file coords10.cif (mmCIF, C-alpha atoms and all ligand atoms)
data_final
loop_
_atom_site.label_atom_id
_atom_site.label_comp_id
_atom_site.auth_asym_id
_atom_site.auth_seq_id
_atom_site.Cartn_x
_atom_site.Cartn_y
_atom_site.Cartn_z
CA MET O 89 -34.78 56.12 -73.60
CA ILE O 90 -36.01 58.99 -75.75
CA THR O 91 -34.37 62.43 -75.66
CA THR O 92 -35.31 65.25 -73.30
CA GLU O 93 -36.47 67.29 -76.31
CA LYS O 94 -38.79 64.48 -77.35
CA ILE O 95 -40.15 64.12 -73.80
CA GLU O 96 -40.95 67.84 -73.73
CA ALA O 97 -42.52 67.76 -77.20
CA LEU O 98 -44.76 64.81 -76.35
CA ALA O 99 -45.78 66.37 -73.01
CA GLU O 100 -46.64 69.56 -74.89
CA ARG O 101 -48.81 67.56 -77.30
CA LEU O 102 -50.77 65.97 -74.43
CA HIS O 103 -51.00 69.28 -72.57
CA ALA O 104 -52.42 71.01 -75.65
CA ALA O 105 -54.92 68.16 -76.13
CA GLU O 106 -56.15 68.69 -72.56
CA GLU O 107 -56.24 72.50 -72.80
CA ASN O 108 -58.02 72.55 -76.17
CA ARG O 109 -60.27 69.53 -75.43
CA GLN O 110 -59.01 68.03 -78.64
CA ASP O 111 -58.04 64.36 -78.73
CA THR O 112 -54.71 63.23 -80.17
CA PRO O 113 -53.51 59.94 -81.72
CA SER O 114 -51.58 57.41 -79.63
CA LEU O 115 -47.97 58.53 -79.05
CA ALA O 116 -46.95 54.93 -79.74
CA ASP O 117 -48.09 55.30 -83.36
CA ASP O 118 -44.85 57.08 -84.19
CA HIS O 119 -42.61 56.82 -81.10
CA GLU O 120 -41.03 53.97 -79.15
CA ILE O 121 -41.73 54.85 -75.54
CA ASN O 122 -40.82 52.66 -72.59
CA VAL O 123 -42.36 52.92 -69.11
CA ALA O 124 -39.56 55.15 -67.73
CA ASP O 125 -40.00 57.50 -70.73
CA ALA O 126 -43.74 57.55 -70.07
CA TYR O 127 -43.28 58.63 -66.42
CA ALA O 128 -40.79 61.30 -67.61
CA ILE O 129 -43.48 62.62 -70.01
CA GLN O 130 -46.00 62.57 -67.14
CA ASP O 131 -43.53 64.60 -65.01
CA ALA O 132 -43.19 67.16 -67.83
CA LEU O 133 -46.99 67.31 -68.11
CA ILE O 134 -47.31 67.97 -64.37
CA ALA O 135 -44.64 70.70 -64.63
CA ARG O 136 -46.91 72.40 -67.18
CA ARG O 137 -49.86 72.21 -64.77
CA LYS O 138 -47.69 73.71 -62.01
CA ALA O 139 -46.73 76.52 -64.39
CA ARG O 140 -50.50 77.09 -64.68
CA GLU O 141 -50.50 77.62 -60.87
CA GLU O 142 -51.93 74.17 -60.08
CA ALA O 143 -50.67 72.32 -56.99
CA VAL O 144 -50.32 68.53 -56.72
CA VAL O 145 -52.75 67.40 -54.00
CA GLY O 146 -52.68 63.65 -54.45
CA VAL O 147 -52.10 60.59 -56.55
CA LYS O 148 -54.29 57.98 -58.21
CA LEU O 149 -53.78 54.37 -59.10
CA GLY O 150 -55.01 52.75 -62.28
CA PHE O 151 -55.20 49.20 -63.64
CA THR O 152 -55.84 47.90 -60.13
CA SER O 153 -58.33 45.30 -61.31
CA LYS O 154 -57.34 41.91 -62.74
CA ALA O 155 -59.68 42.51 -65.69
CA LYS O 156 -58.00 45.81 -66.66
CA MET O 157 -54.49 44.35 -66.21
CA ALA O 158 -55.39 41.38 -68.41
CA GLN O 159 -56.90 43.70 -71.03
CA MET O 160 -53.65 45.72 -71.19
CA GLY O 161 -51.44 42.60 -70.87
CA VAL O 162 -49.61 43.98 -67.81
CA SER O 163 -49.14 43.03 -64.18
CA ASP O 164 -48.29 46.43 -62.71
CA VAL O 165 -50.56 49.21 -61.55
CA ILE O 166 -50.01 52.73 -62.90
CA VAL O 167 -49.78 56.01 -60.96
CA GLY O 168 -50.96 59.48 -61.94
CA ARG O 169 -51.05 62.85 -60.18
CA LEU O 170 -54.10 64.80 -58.94
CA THR O 171 -54.02 68.61 -58.81
CA ASP O 172 -56.20 71.11 -56.98
CA ALA O 173 -57.77 72.16 -60.30
CA MET O 174 -59.13 68.61 -60.65
CA ARG O 175 -60.96 68.70 -57.30
CA ILE O 176 -64.78 68.90 -57.36
CA GLY O 177 -66.80 69.40 -54.16
CA ASP O 178 -69.15 66.63 -52.99
CA GLY O 179 -72.55 67.37 -54.61
CA ALA O 180 -71.12 70.12 -56.82
CA ASP O 181 -71.80 70.74 -60.50
CA VAL O 182 -69.22 69.66 -63.03
CA ASP O 183 -69.05 71.41 -66.38
CA LEU O 184 -68.97 68.69 -69.06
CA SER O 185 -67.55 71.08 -71.65
CA ARG O 186 -64.15 70.94 -69.90
CA PHE O 187 -63.65 67.31 -71.02
CA ILE O 188 -63.15 65.42 -74.30
CA HIS O 189 -65.01 62.15 -73.62
CA PRO O 190 -65.23 61.76 -69.83
CA LYS O 191 -65.98 58.58 -67.92
CA VAL O 192 -66.52 58.12 -64.20
CA GLU O 193 -65.36 55.41 -61.79
CA PRO O 194 -66.35 54.65 -58.16
CA GLU O 195 -63.36 54.45 -55.84
CA VAL O 196 -62.10 54.51 -52.26
CA ALA O 197 -59.87 57.45 -51.25
CA TYR O 198 -57.26 57.47 -48.49
CA ARG O 199 -55.76 60.58 -46.84
CA LEU O 200 -52.06 60.72 -45.93
CA SER O 201 -51.34 62.09 -42.47
CA CYS O 202 -47.56 62.33 -42.86
CA ASP O 203 -44.92 62.58 -45.55
CA VAL O 204 -44.07 59.14 -46.92
CA HIS O 205 -40.45 58.31 -47.74
CA PRO O 206 -40.62 55.59 -50.40
CA ASP O 207 -36.84 55.01 -50.35
CA ASP O 208 -36.82 54.16 -46.65
CA PRO O 209 -37.29 50.35 -46.42
CA THR O 210 -38.85 50.73 -42.93
CA THR O 211 -41.69 52.93 -44.24
CA ASN O 212 -45.12 51.64 -43.26
CA ILE O 213 -47.49 53.46 -45.57
CA GLU O 214 -50.64 52.22 -43.79
CA SER O 215 -49.50 54.01 -40.62
CA CYS O 216 -49.38 57.24 -42.65
CA VAL O 217 -53.10 57.06 -43.51
CA ASP O 218 -55.56 58.75 -41.13
CA ALA O 219 -58.88 58.64 -43.01
CA LEU O 220 -60.77 57.09 -45.90
CA ALA O 221 -63.80 58.12 -47.95
CA PRO O 222 -65.94 57.15 -50.93
CA ALA O 223 -64.74 58.86 -54.09
CA LEU O 224 -65.52 59.43 -57.75
CA GLU O 225 -62.81 59.73 -60.36
CA ILE O 226 -63.43 61.31 -63.76
CA ILE O 227 -61.04 59.96 -66.36
CA ASP O 228 -60.71 61.66 -69.72
CA SER O 229 -58.13 60.03 -71.95
CA ARG O 230 -56.57 62.55 -74.28
CA TYR O 231 -56.22 59.80 -76.92
CA ARG O 232 -58.50 59.51 -79.91
CA ASP O 233 -61.12 56.76 -79.59
CA PHE O 234 -59.50 55.61 -76.30
CA ARG O 235 -56.82 53.88 -78.39
CA PHE O 236 -53.68 53.80 -76.23
CA THR O 237 -50.86 51.55 -75.07
CA TYR O 238 -49.76 51.01 -71.46
CA ALA O 239 -46.96 53.59 -71.90
CA ASP O 240 -49.36 56.03 -73.59
CA VAL O 241 -51.76 56.07 -70.66
CA ILE O 242 -48.94 56.63 -68.14
CA ALA O 243 -47.64 59.55 -70.22
CA ASP O 244 -51.18 60.97 -70.25
CA ASN O 245 -51.17 61.14 -66.43
CA THR O 246 -53.27 57.93 -66.41
CA SER O 247 -56.27 59.81 -67.89
CA ALA O 248 -56.66 61.75 -64.60
CA SER O 249 -59.03 64.63 -65.08
CA ALA O 250 -61.18 65.35 -62.02
CA TYR O 251 -62.27 63.77 -58.75
CA ALA O 252 -64.64 64.21 -55.81
CA VAL O 253 -64.28 62.82 -52.30
CA GLY O 254 -67.14 62.22 -49.82
CA PRO O 255 -66.99 62.70 -46.06
CA TRP O 256 -63.74 61.45 -44.49
CA ARG O 257 -64.03 58.82 -41.74
CA PRO O 258 -61.61 56.82 -39.61
CA VAL O 259 -59.68 54.07 -41.34
CA GLU O 260 -61.21 50.60 -41.17
CA ASP O 261 -61.00 47.35 -43.12
CA VAL O 262 -62.87 47.91 -46.40
CA SER O 263 -61.70 44.76 -48.13
CA ASN O 264 -65.04 43.50 -49.45
CA ARG O 265 -67.68 46.23 -49.49
CA ALA O 266 -70.45 46.54 -52.07
CA VAL O 267 -69.98 49.56 -54.34
CA ARG O 268 -72.74 51.14 -56.44
CA LEU O 269 -72.19 53.65 -59.21
CA ARG O 270 -75.45 55.32 -60.23
CA THR O 271 -75.56 57.56 -63.26
CA GLY O 272 -78.87 58.37 -64.98
CA ASP O 273 -80.69 55.07 -65.61
CA THR O 274 -77.53 53.04 -65.25
CA GLU O 275 -76.38 51.35 -62.07
CA LEU O 276 -73.12 49.44 -61.92
CA VAL O 277 -72.53 47.22 -58.91
CA GLY O 278 -69.11 46.04 -57.81
CA SER O 279 -66.96 45.41 -54.78
CA THR O 280 -63.93 47.03 -53.22
CA ALA O 281 -62.37 43.57 -53.62
CA ALA O 282 -61.94 44.48 -57.32
CA ILE O 283 -59.21 46.89 -56.16
CA LEU O 284 -56.25 44.49 -55.91
CA GLY O 285 -58.35 42.22 -53.67
CA ASN O 286 -58.38 44.92 -50.97
CA PRO O 287 -57.95 48.71 -51.41
CA ALA O 288 -55.29 48.69 -48.64
CA ARG O 289 -53.08 46.71 -51.04
CA ALA O 290 -53.23 49.67 -53.39
CA LEU O 291 -51.30 51.65 -50.78
CA HIS O 292 -48.47 49.11 -50.84
CA ALA O 293 -48.49 49.00 -54.64
CA LEU O 294 -48.35 52.80 -54.64
CA LEU O 295 -45.31 52.81 -52.37
CA GLY O 296 -43.47 50.47 -54.74
CA MET O 297 -44.30 52.59 -57.80
CA CYS O 298 -43.29 55.81 -56.04
CA ARG O 299 -39.99 54.20 -55.04
CA ARG O 300 -39.36 53.12 -58.63
CA TYR O 301 -40.30 56.39 -60.34
CA GLY O 302 -39.34 58.98 -57.68
CA ILE O 303 -42.89 60.21 -57.06
CA PRO O 304 -43.16 62.11 -53.75
CA LEU O 305 -46.02 61.51 -51.29
CA ARG O 306 -46.83 64.31 -48.85
CA ALA O 307 -48.95 64.76 -45.72
CA GLY O 308 -52.50 65.82 -46.58
CA GLN O 309 -52.47 64.27 -50.04
CA VAL O 310 -55.34 62.15 -51.31
CA VAL O 311 -54.76 58.66 -52.72
CA LEU O 312 -57.41 57.29 -55.08
CA ALA O 313 -57.00 53.53 -54.77
CA GLY O 314 -58.52 52.43 -58.10
CA ALA O 315 -61.87 51.60 -59.65
CA ALA O 316 -64.34 49.17 -58.05
CA THR O 317 -66.44 48.76 -61.26
CA ALA O 318 -65.96 49.41 -64.96
CA ALA O 319 -66.00 53.09 -65.94
CA ALA O 320 -69.33 54.61 -67.06
CA PRO O 321 -69.73 57.56 -69.45
CA LEU O 322 -70.14 60.85 -67.57
CA THR O 323 -73.27 62.58 -68.85
CA ALA O 324 -75.60 65.34 -67.63
CA GLY O 325 -77.29 64.65 -64.29
CA VAL O 326 -76.36 63.23 -60.92
CA VAL O 327 -73.64 60.59 -60.57
CA GLU O 328 -73.34 58.90 -57.22
CA CYS O 329 -70.87 56.42 -55.72
CA ARG O 330 -72.06 54.57 -52.63
CA VAL O 331 -69.73 52.26 -50.68
CA ALA O 332 -71.44 50.01 -48.11
CA GLY O 333 -70.76 51.14 -44.54
CA ILE O 334 -68.73 54.13 -45.67
CA GLY O 335 -71.17 56.51 -47.30
CA SER O 336 -71.57 58.23 -50.61
CA VAL O 337 -70.32 61.05 -52.80
CA SER O 338 -71.93 62.63 -55.83
CA VAL O 339 -71.41 65.23 -58.54
CA LYS O 340 -73.82 66.67 -61.09
CA GLY O 341 -72.82 66.79 -64.75
CA ARG O 342 -74.03 69.92 -66.58
O1 LIG J 401 -58.38 53.02 -64.38
C1 LIG J 401 -57.70 54.03 -64.48
O2 LIG J 401 -57.96 55.06 -63.87
C2 LIG J 401 -56.50 53.98 -65.37
C3 LIG J 401 -56.57 54.71 -66.60
C4 LIG J 401 -57.78 54.45 -67.40
C5 LIG J 401 -57.53 54.61 -68.81
C6 LIG J 401 -58.79 55.04 -69.51
O3 LIG J 401 -59.67 54.21 -69.69
O4 LIG J 401 -58.85 56.20 -69.90
#

call {"tool": "encode", "arguments": {"input": "coords10.cif", "output": "structure tokens"}}
result
Amino acid sequence: MITTEKIEALAERLHAAEENRQDTPSLADDHEINVADAYAIQDALIARRKAREEAVVGVKLGFTSKAKMAQMGVSDVIVGRLTDAMRIGDGADVDLSRFIHPKVEPEVAYRLSCDVHPDDPTTNIESCVDALAPALEIIDSRYRDFRFTYADVIADNTSASAYAVGPWRPVEDVSNRAVRLRTGDTELVGSTAAILGNPARALHALLGMCRRYGIPLRAGQVVLAGAATAAAPLTAGVVECRVAGIGSVSVKGR
């Protein structure tokens, strides 16, 4: 475990990278950080966002696909926090100059209808979800050349940067729906099955991670379940995520 001073210093480094849109080398280059340290750095980073008057409005999961887990050599998902400053309206413009090297991922979002108590073994997280929607997540790693370790990316709030959610609709089984991510001339096609086999499983994985790392889950929060395709670079123009039977959401890079 690293010291509290070191946690604060590393959070400050990542916070400055985000504020100045200036990438930074991997923390692991000169520090030994374990997963608990990394979540402590993420907490300190979120405290800085709150000091900037941002409110936490949700959580996101990362490394929910087998391919990404294998690439990082891990078997656990990662959790990051979403704030109100990250929210982009469906169809709204997004200013590309606020990012370092943004990428976009098509996702499924869930909405929590009640506070979730991860420490209570009787908690049924699926019964605390009242709606789902297509979503886009913009990830913007603060690390130079996207070179990071598993602990690095957790410390960096799992690259969370911005997100948009389409129209909410009642919860249904979305375990194997076609997903299309359209950006410029590029179209990536995937399936919701890439998200832990079924996005609903992401909710259970989230509960376990929140239990382990003391992350609260509150009524009204959004849960981004994970990417259904590889990430695509976010460039100028319209980006759309369409999930079969659920609808679509878009943003416009400028
Ligand atoms: O997939 C995710 O959202 C997890 C973090 C991605 C790390 C990155 O490529 O920046």

call {"tool": "residues_near_ligand", "arguments": {"input": "coords10.cif", "ligand": "ligand LIG 401 (chain J)", "cutoff": "7 Å", "atoms": "only C-alpha atoms and all ligand atoms", "output": "ChimeraX atom specification"}}
result
/O:149-151,227-229,234,241,246-248,314-315

call {"tool": "write_last_selection", "arguments": {"input": "coords10.cif", "atoms": "C-alpha atoms", "output": "mmCIF file, keeping the file's coordinate frame"}}
result
data_model
loop_
_atom_site.group_PDB
_atom_site.id
_atom_site.type_symbol
_atom_site.label_atom_id
_atom_site.label_comp_id
_atom_site.auth_asym_id
_atom_site.auth_seq_id
_atom_site.Cartn_x
_atom_site.Cartn_y
_atom_site.Cartn_z
ATOM 1 C CA LEU O 149 -53.780 54.370 -59.100
ATOM 2 C CA GLY O 150 -55.010 52.750 -62.280
ATOM 3 C CA PHE O 151 -55.200 49.200 -63.640
ATOM 4 C CA ILE O 227 -61.040 59.960 -66.360
ATOM 5 C CA ASP O 228 -60.710 61.660 -69.720
ATOM 6 C CA SER O 229 -58.130 60.030 -71.950
ATOM 7 C CA PHE O 234 -59.500 55.610 -76.300
ATOM 8 C CA VAL O 241 -51.760 56.070 -70.660
ATOM 9 C CA THR O 246 -53.270 57.930 -66.410
ATOM 10 C CA SER O 247 -56.270 59.810 -67.890
ATOM 11 C CA ALA O 248 -56.660 61.750 -64.600
ATOM 12 C CA GLY O 314 -58.520 52.430 -58.100
ATOM 13 C CA ALA O 315 -61.870 51.600 -59.650
#

call {"tool": "atom_distance", "arguments": {"input": "coords10.cif", "atom1": "CA of Pro190 (chain O)", "atom2": "CA of Thr271 (chain O)"}}
result
12.9 Å

call {"tool": "residues_around", "arguments": {"input": "coords10.cif", "residues": "region 201-203 of chain O", "least_positions_apart": "2", "cutoff": "6 Å", "atoms": "only C-alpha atoms", "output": "compact mmCIF listing (two decimals) with C-alpha atoms, in the frame of the given file"}}
result
# COMPACT_ATOMS: atom_id res chain seq x y z
CA CYS O 216 -49.38 57.24 -42.65
CA VAL O 217 -53.10 57.06 -43.51
CA ASP O 218 -55.56 58.75 -41.13
CA LEU O 305 -46.02 61.51 -51.29
CA ARG O 306 -46.83 64.31 -48.85
CA ALA O 307 -48.95 64.76 -45.72
CA GLY O 308 -52.50 65.82 -46.58

call {"tool": "atom_distance", "arguments": {"input": "coords10.cif", "atom1": "CA of Pro113 (chain O)", "atom2": "CA of Ala243 (chain O)"}}
result
12.9 Å

call {"tool": "atom_distance", "arguments": {"input": "coords10.cif", "atom1": "CA of Asp118 (chain O)", "atom2": "CA of Arg300 (chain O)"}}
result
26.4 Å

call {"tool": "residues_around", "arguments": {"input": "coords10.cif", "residues": "Met160 (chain O)", "least_positions_apart": "6", "cutoff": "12 Å", "atoms": "only C-alpha atoms", "output": "PDB file with C-alpha atoms, in the coordinates of the input"}}
result
ATOM      1  CA  GLY O 150     -55.010  52.750 -62.280  1.00  0.00           C
ATOM      2  CA  PHE O 151     -55.200  49.200 -63.640  1.00  0.00           C
ATOM      3  CA  THR O 152     -55.840  47.900 -60.130  1.00  0.00           C
ATOM      4  CA  SER O 153     -58.330  45.300 -61.310  1.00  0.00           C
ATOM      5  CA  LYS O 154     -57.340  41.910 -62.740  1.00  0.00           C
ATOM      6  CA  ILE O 166     -50.010  52.730 -62.900  1.00  0.00           C
ATOM      7  CA  ARG O 235     -56.820  53.880 -78.390  1.00  0.00           C
ATOM      8  CA  PHE O 236     -53.680  53.800 -76.230  1.00  0.00           C
ATOM      9  CA  THR O 237     -50.860  51.550 -75.070  1.00  0.00           C
ATOM     10  CA  TYR O 238     -49.760  51.010 -71.460  1.00  0.00           C
ATOM     11  CA  ALA O 239     -46.960  53.590 -71.900  1.00  0.00           C
ATOM     12  CA  ASP O 240     -49.360  56.030 -73.590  1.00  0.00           C
ATOM     13  CA  VAL O 241     -51.760  56.070 -70.660  1.00  0.00           C
TER      14      VAL O 241
END

call {"tool": "closest_residue", "arguments": {"input": "coords10.cif", "among": "O:Lys94, O:Lys138, O:Lys340, O:Lys191", "to": "Ser249 (chain O)", "atoms": "only C-alpha atoms"}}
result
O:Lys191

call {"tool": "decode", "arguments": {"input": "coords10.cif", "residues": "region 213-253 of chain O", "atoms": "C-alpha atoms", "output": "JSON list (two decimals), in the first residue's frame"}}
result
[["chain", "number", "residue", "atom", "x", "y", "z"],
["O", 213, "ILE", "CA", -29.37, -5.35, -7.94],
["O", 214, "GLU", "CA", -31.57, -6.28, -10.93],
["O", 215, "SER", "CA", -34.65, -5.36, -8.89],
["O", 216, "CYS", "CA", -33.13, -1.88, -8.41],
["O", 217, "VAL", "CA", -33.06, -1.20, -12.17],
["O", 218, "ASP", "CA", -36.10, 0.45, -13.74],
["O", 219, "ALA", "CA", -34.97, 1.32, -17.28],
["O", 220, "LEU", "CA", -32.34, 0.72, -19.94],
["O", 221, "ALA", "CA", -31.14, 2.67, -22.97],
["O", 222, "PRO", "CA", -28.56, 2.69, -25.76],
["O", 223, "ALA", "CA", -25.50, 4.69, -24.77],
["O", 224, "LEU", "CA", -22.20, 6.07, -26.03],
["O", 225, "GLU", "CA", -19.16, 6.33, -23.82],
["O", 226, "ILE", "CA", -16.23, 8.60, -24.65],
["O", 227, "ILE", "CA", -13.02, 7.32, -23.10],
["O", 228, "ASP", "CA", -9.95, 9.53, -22.99],
["O", 229, "SER", "CA", -7.02, 7.88, -21.26],
["O", 230, "ARG", "CA", -4.80, 10.45, -19.61],
["O", 231, "TYR", "CA", -1.78, 8.22, -20.34],
["O", 232, "ARG", "CA", 0.68, 8.93, -23.11],
["O", 233, "ASP", "CA", 0.23, 6.71, -26.18],
["O", 234, "PHE", "CA", -2.45, 4.68, -24.31],
["O", 235, "ARG", "CA", 0.38, 2.90, -22.48],
["O", 236, "PHE", "CA", -1.04, 1.82, -19.11],
["O", 237, "THR", "CA", -1.26, -1.09, -16.71],
["O", 238, "TYR", "CA", -4.44, -2.49, -15.14],
["O", 239, "ALA", "CA", -3.81, -0.45, -11.96],
["O", 240, "ASP", "CA", -3.02, 2.68, -14.02],
["O", 241, "VAL", "CA", -6.37, 2.61, -15.80],
["O", 242, "ILE", "CA", -8.30, 2.16, -12.53],
["O", 243, "ALA", "CA", -6.44, 5.12, -11.00],
["O", 244, "ASP", "CA", -7.35, 7.16, -14.09],
["O", 245, "ASN", "CA", -11.07, 6.62, -13.38],
["O", 246, "THR", "CA", -11.06, 3.91, -16.10],
["O", 247, "SER", "CA", -10.52, 6.57, -18.83],
["O", 248, "ALA", "CA", -14.07, 7.90, -18.21],
["O", 249, "SER", "CA", -14.51, 11.21, -19.92],
["O", 250, "ALA", "CA", -18.03, 11.75, -21.29],
["O", 251, "TYR", "CA", -21.19, 9.83, -22.12],
["O", 252, "ALA", "CA", -24.58, 10.15, -23.79],
["O", 253, "VAL", "CA", -27.71, 8.09, -23.14]]
